[in-house]
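Working notes, structure below.
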Amino acid sequence: MKRIAILAHFDKKNIIDDYVLFYVEELKKVCSDIIFVSCCDLSQEELDKLDCHKIAKKHNEYDFGSYKRGFIYAKEKNLLENCNELLFVNDSCYGPFKPLEKIFSDMENNTCDFWGITKNKYAFKVVKNRTKDCYIPHVQSYFFVLKKNVFNSQVFEEFINSVREEENKNLIIEKYEIGLTTTLEKAGFVSDCTIKKFYKYNNPTVYKWRKLYEQTDFPFVKCSLLRLNNTLHTTVDGWKELFNDEQVKLIEKNLCYTQKRPLKHTCPRVIKEFMFNHLPNKKMKSRMIIRALLKSVLSFLTD
């Protein structure tokens, strides 16, 4: 089985941090080639950290812009001729801290045409600059695997070549992350995911991240969680308990310059988890109202 991974990278300090280098080495265990695509203007010193194909040039098309550039590069270099699976992965996760071999082994006999580690059951559409909740199951794009019949298809090539700079990130998600699954399925291709537990919840990689890691073979933790970008979605109190010392060190090195200032409340974890677990999982408006109340309550509990 020959696989090629296209890894999308971004770093606000224009460096390739150690957790990304770790990810590259883990990908090499399951992939024949890695194409590293950064939307940063990286120095040669940084690029020399990598032993793989490298592209580094500023663009404003987010991860799918990097996936597009990696795909074009792979075609130009004839890397796809004997390739069985093409991976789109990005640096939005710490890990993998569990074997990727197990993930691919579980999908080896699956007859689907494309798959990911997780699917998100819910999504949104942007209508007149406002987001509207919708039931749109889609493969999450932090780890997206396309089989040969898909990445050689005209519908996929037209889709990936259509990636352009958009006005905001919501449009990127709607047109490309959600759009890739819906476009391929509309063309008759079949999707699947490796880990189906917690699929009934909205975005389990955030809302159910701890149980997802503890109870399944899910090998990652989303960077946004530990960078404290999701403090009104979940709590990450006690996250170090899940990882060994080397893994914690790897994560903390990146958090030194990426983590937001934590909220001032010190509410006990058991109370926060109870409240977060009872948040609505579907309607965005309901979630926003309850989170606003939650933020006030948590502050009150610490006074």
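If you're wondering about the labels, chains in the structure tokens are A, B, ... by order shown, residues count from 1 in each chain, ligands from 1 in order shown.
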TODO: Could you give me, as an MDAnalysis selection string, the residues within 7 Å of segment 6-21 of chain A, counting only C-alpha atoms and dropping anything in the same chain fewer than 5 positions from it?
DONE: chainID A and resid 34:42 46 63 66:67 70 87:91 94 250:251 254
Written file, previous selection with C-alpha atoms, as a compact mmCIF listing (two decimals), in the first residue's frame:
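What ended up in result-v7.txt:
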```
# COMPACT_ATOMS: atom_id res chain seq x y z
CA ILE A 34 5.33 13.39 2.71
CA ILE A 35 4.70 16.72 1.01
CA PHE A 36 5.04 19.49 3.57
CA VAL A 37 3.24 22.65 2.48
CA SER A 38 3.54 25.79 4.59
CA CYS A 39 1.70 29.05 4.01
CA CYS A 40 4.60 30.81 5.77
CA ASP A 41 7.78 32.16 4.22
CA LEU A 42 10.10 29.81 6.09
CA GLU A 46 13.70 25.84 9.22
CA ASP A 63 -5.30 24.52 4.80
CA SER A 66 -1.92 24.12 0.99
CA TYR A 67 -3.69 20.89 0.05
CA GLY A 70 0.57 19.84 -2.52
CA LEU A 87 -3.87 12.00 2.78
CA PHE A 88 -4.77 15.59 3.55
CA VAL A 89 -3.59 16.34 7.09
CA ASN A 90 -2.80 19.54 8.96
CA ASP A 91 -0.95 20.74 12.03
CA TYR A 94 -0.97 17.48 18.80
CA LEU A 250 6.29 18.48 23.33
CA ILE A 251 2.89 20.13 23.76
CA ASN A 254 4.30 24.96 21.59
```
TODO: Determine which residues of segment 6-79 of chain A receive a DSSP assignment of strand (DSSP E or B), computed from the backbone, and state them as a list in words.
DONE: Ile6, Leu7, Ala8, His9, Asp33, Ile34, Ile35, Phe36, Val37, Ser38, His53, Lys54, Ile55 and Ala56 of chain A
Could you write those residues out with N, CA and C atoms, as a CSV table (one decimal), in the first residue's frame?
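selection35.csv, freshly written:
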```csv
chain,number,residue,atom,x,y,z
A,6,ILE,N,-0.1,14.9,2.3
A,6,ILE,CA,0.1,16.4,2.2
A,6,ILE,C,-0.2,17.0,3.5
A,7,LEU,N,0.8,17.6,4.1
A,7,LEU,CA,0.7,18.2,5.5
A,7,LEU,C,0.7,19.7,5.4
A,8,ALA,N,-0.5,20.3,5.7
A,8,ALA,CA,-0.6,21.8,5.7
A,8,ALA,C,-0.1,22.4,7.0
A,9,HIS,N,0.7,23.4,6.9
A,9,HIS,CA,1.4,24.0,8.1
A,9,HIS,C,1.2,25.5,8.1
A,33,ASP,N,5.6,8.9,1.0
A,33,ASP,CA,6.1,10.2,0.8
A,33,ASP,C,5.3,11.2,1.6
A,34,ILE,N,6.0,12.3,2.0
A,34,ILE,CA,5.3,13.4,2.7
A,34,ILE,C,5.6,14.6,1.9
A,35,ILE,N,4.5,15.4,1.6
A,35,ILE,CA,4.7,16.7,1.0
A,35,ILE,C,4.3,17.8,2.1
A,36,PHE,N,5.3,18.5,2.6
A,36,PHE,CA,5.0,19.5,3.6
A,36,PHE,C,4.8,20.8,2.9
A,37,VAL,N,3.6,21.4,3.1
A,37,VAL,CA,3.2,22.7,2.5
A,37,VAL,C,2.9,23.7,3.5
A,38,SER,N,3.8,24.7,3.6
A,38,SER,CA,3.5,25.8,4.6
A,38,SER,C,3.0,27.0,3.9
A,53,HIS,N,9.5,16.2,0.9
A,53,HIS,CA,9.2,17.2,-0.1
A,53,HIS,C,8.7,18.5,0.7
A,54,LYS,N,9.1,19.7,0.2
A,54,LYS,CA,8.8,20.9,1.0
A,54,LYS,C,8.4,22.0,0.0
A,55,ILE,N,7.3,22.7,0.4
A,55,ILE,CA,6.9,23.9,-0.2
A,55,ILE,C,6.6,24.9,0.8
A,56,ALA,N,7.1,26.1,0.7
A,56,ALA,CA,6.9,27.2,1.7
A,56,ALA,C,6.7,28.5,1.0
```
- [ ] Tell me, as a ChimeraX atom specification, which residues lie within 7 Å of Val145 of chain A, counting only C-alpha atoms; anything in the same chain fewer than 3 positions away does not count.
- [x] /A:85-88,114-116
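In this structure, atom CA of Lys197 of chain A sits 18.4 Å away from atom CA of Pro99 of chain A.
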TODO: DSSP on the backbone, then: every residue of segment 38-265 of chain A marked alpha helix (DSSP H), written as a VMD selection string.
DONE: chain A and resid 44 to 47 62 to 76 100 to 107 148 to 151 154 to 161 169 to 172 179 to 186 204 to 207 209 to 215 223 to 226 245 to 258
Task: Pick from A:Met107, A:Leu180, A:Leu146, A:Ile72 nearest to Arg3 of chain A, counting only C-alpha atoms - done: A:Leu146
Give me the residues near Asn203 of chain A as a CSV table (one decimal) with C-alpha atoms, in the first residue's frame, where near means some atom within 6 Å (using only C-alpha atoms) and where sequence neighbours in that chain fewer than 2 positions away do not count.
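What ended up in result-v1.csv:
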```csv
chain,number,residue,atom,x,y,z
A,120,ASN,CA,-18.9,15.9,12.2
A,205,THR,CA,-13.1,16.4,18.8
A,206,VAL,CA,-14.0,19.5,20.8
```
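In this structure, atom CA of Tyr176 of chain A sits 14.8 Å away from atom CA of Phe71 of chain A.
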TODO: Name all residues at most 9 Å from Lys148 of chain A (count only C-alpha atoms; drop same-chain ones fewer than 5 positions away) and give them as a list in words.
DONE: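 Contacts, in chain order: Leu80, Cys83, Asn84, Glu85, Leu86, Asp113 and Ser153 of chain A.
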Restricted to N, CA, C and O atoms, what would the selected residues look like written as a short mmCIF file (atom, residue, chain, number, x, y, z; two decimals), in the first residue's frame?
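Final file, out-v1.cif:
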```cif
data_model
loop_
_atom_site.label_atom_id
_atom_site.label_comp_id
_atom_site.auth_asym_id
_atom_site.auth_seq_id
_atom_site.Cartn_x
_atom_site.Cartn_y
_atom_site.Cartn_z
N LEU A 80 1.86 10.49 -7.86
CA LEU A 80 0.56 9.83 -7.68
C LEU A 80 0.37 8.61 -8.57
O LEU A 80 -0.64 7.91 -8.45
N CYS A 83 0.26 5.57 -6.45
CA CYS A 83 -0.25 5.85 -5.11
C CYS A 83 -1.65 5.25 -4.94
O CYS A 83 -2.49 5.34 -5.83
N ASN A 84 -1.88 4.62 -3.79
CA ASN A 84 -3.19 4.03 -3.49
C ASN A 84 -4.08 4.95 -2.68
O ASN A 84 -5.30 4.96 -2.84
N GLU A 85 -3.46 5.73 -1.78
CA GLU A 85 -4.23 6.63 -0.93
C GLU A 85 -3.50 7.96 -0.78
O GLU A 85 -2.28 7.99 -0.59
N LEU A 86 -4.27 9.05 -0.83
CA LEU A 86 -3.72 10.38 -0.66
C LEU A 86 -4.31 10.98 0.61
O LEU A 86 -5.53 11.03 0.77
N ASP A 113 -14.87 5.10 -0.49
CA ASP A 113 -13.99 5.77 -1.44
C ASP A 113 -13.11 6.83 -0.79
O ASP A 113 -12.03 7.14 -1.29
N SER A 153 -10.14 11.41 -10.08
CA SER A 153 -11.40 11.77 -10.74
C SER A 153 -11.41 13.23 -11.17
O SER A 153 -10.76 14.09 -10.56
#
```
Open item on the list: Need the shell around Cys193 of chain A: protein/DNA/RNA residues with any atom at most 12 Å away, counting only C-alpha atoms. Skip same-chain ones fewer than 5 positions apart. Format as a list in words?
Closed with: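 Answer for this query is Ile103, Phe104, Asp106, Met107, Asn110, Thr111, Cys112, Asp113, Phe114, Trp115, Gly116, Ile117, Thr118, Lys119, Asn120, Lys121, Pro137, His138, Val139, Gln140, Ser141, Phe143, Phe144, Val145, Leu146, Thr181, Phe198, Tyr199 and Phe218 of chain A.
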What would the file look like if the residues just selected were written as a short mmCIF file (atom, residue, chain, number, x, y, z; two decimals), in the first residue's frame with N, CA and C atoms?
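This went into out-v9.cif:
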```
data_model
loop_
_atom_site.label_atom_id
_atom_site.label_comp_id
_atom_site.auth_asym_id
_atom_site.auth_seq_id
_atom_site.Cartn_x
_atom_site.Cartn_y
_atom_site.Cartn_z
N ILE A 103 -5.16 2.79 12.94
CA ILE A 103 -6.21 3.50 12.20
C ILE A 103 -6.33 2.93 10.79
N PHE A 104 -5.20 2.78 10.10
CA PHE A 104 -5.22 2.28 8.73
C PHE A 104 -5.58 0.81 8.67
N ASP A 106 -7.67 -0.70 10.63
CA ASP A 106 -9.13 -0.77 10.81
C ASP A 106 -9.88 -0.45 9.51
N MET A 107 -9.26 0.34 8.63
CA MET A 107 -9.92 0.76 7.39
C MET A 107 -9.47 -0.05 6.17
N ASN A 110 -12.25 -1.71 4.25
CA ASN A 110 -13.44 -0.87 4.06
C ASN A 110 -13.59 -0.52 2.58
N THR A 111 -14.78 -0.64 2.07
CA THR A 111 -15.01 -0.41 0.64
C THR A 111 -15.36 1.04 0.32
N CYS A 112 -15.27 1.94 1.29
CA CYS A 112 -15.57 3.35 1.02
C CYS A 112 -14.54 3.94 0.06
N ASP A 113 -14.87 5.10 -0.49
CA ASP A 113 -13.99 5.77 -1.44
C ASP A 113 -13.11 6.83 -0.79
N PHE A 114 -13.59 7.41 0.30
CA PHE A 114 -12.78 8.37 1.07
C PHE A 114 -13.24 8.34 2.51
N TRP A 115 -12.33 8.69 3.41
CA TRP A 115 -12.66 8.57 4.83
C TRP A 115 -11.80 9.50 5.67
N GLY A 116 -12.19 9.64 6.93
CA GLY A 116 -11.40 10.38 7.90
C GLY A 116 -11.42 9.64 9.22
N ILE A 117 -10.73 10.18 10.20
CA ILE A 117 -10.77 9.56 11.53
C ILE A 117 -12.13 9.83 12.17
N THR A 118 -12.63 11.05 12.02
CA THR A 118 -13.94 11.40 12.58
C THR A 118 -14.77 12.12 11.53
N LYS A 119 -16.08 12.04 11.75
CA LYS A 119 -17.03 12.83 10.98
C LYS A 119 -17.74 13.79 11.93
N ASN A 120 -18.09 14.94 11.42
CA ASN A 120 -18.93 15.86 12.18
C ASN A 120 -20.33 15.78 11.60
N LYS A 121 -21.31 15.55 12.47
CA LYS A 121 -22.69 15.35 12.02
C LYS A 121 -23.36 16.67 11.63
N PRO A 137 -23.59 15.95 7.57
CA PRO A 137 -22.46 15.09 7.96
C PRO A 137 -21.30 15.26 6.99
N HIS A 138 -20.09 15.38 7.54
CA HIS A 138 -18.93 15.55 6.67
C HIS A 138 -17.67 15.05 7.36
N VAL A 139 -16.76 14.55 6.58
CA VAL A 139 -15.46 14.11 7.08
C VAL A 139 -14.67 15.34 7.51
N GLN A 140 -14.09 15.29 8.71
CA GLN A 140 -13.34 16.45 9.20
C GLN A 140 -11.97 16.49 8.53
N SER A 141 -11.57 17.70 8.13
CA SER A 141 -10.46 17.84 7.19
C SER A 141 -9.07 17.86 7.83
N PHE A 143 -7.78 15.29 8.98
CA PHE A 143 -7.22 13.99 8.58
C PHE A 143 -8.20 13.38 7.58
N PHE A 144 -7.88 13.52 6.30
CA PHE A 144 -8.80 13.18 5.22
C PHE A 144 -8.08 12.27 4.24
N VAL A 145 -8.62 11.09 3.99
CA VAL A 145 -7.96 10.10 3.13
C VAL A 145 -8.79 9.84 1.88
N LEU A 146 -8.16 10.01 0.72
CA LEU A 146 -8.83 9.79 -0.56
C LEU A 146 -8.20 8.59 -1.25
N THR A 181 -16.72 16.90 1.14
CA THR A 181 -17.54 15.71 1.35
C THR A 181 -18.81 15.76 0.52
N PHE A 198 -19.47 8.75 19.66
CA PHE A 198 -19.75 10.18 19.90
C PHE A 198 -20.13 10.93 18.62
N TYR A 199 -20.39 10.18 17.54
CA TYR A 199 -20.76 10.84 16.28
C TYR A 199 -22.06 11.63 16.42
N PHE A 218 -8.60 7.19 19.06
CA PHE A 218 -8.32 8.53 18.58
C PHE A 218 -6.94 8.98 19.06
#
```
TODO: With a distance cut-off of 12 Å and only C-alpha atoms, select the neighbouring residues of Leu242 of chain A, excluding the residue or stretch itself and same-chain residues fewer than 5 positions from it, and output the selection as a count of residues only.
DONE: 16
Task: Among the residues A:Asn202, A:Ser105, A:Gln259, A:Thr234, the one that comes closest to Tyr122 of chain A [using only C-alpha atoms] - done: A:Asn202
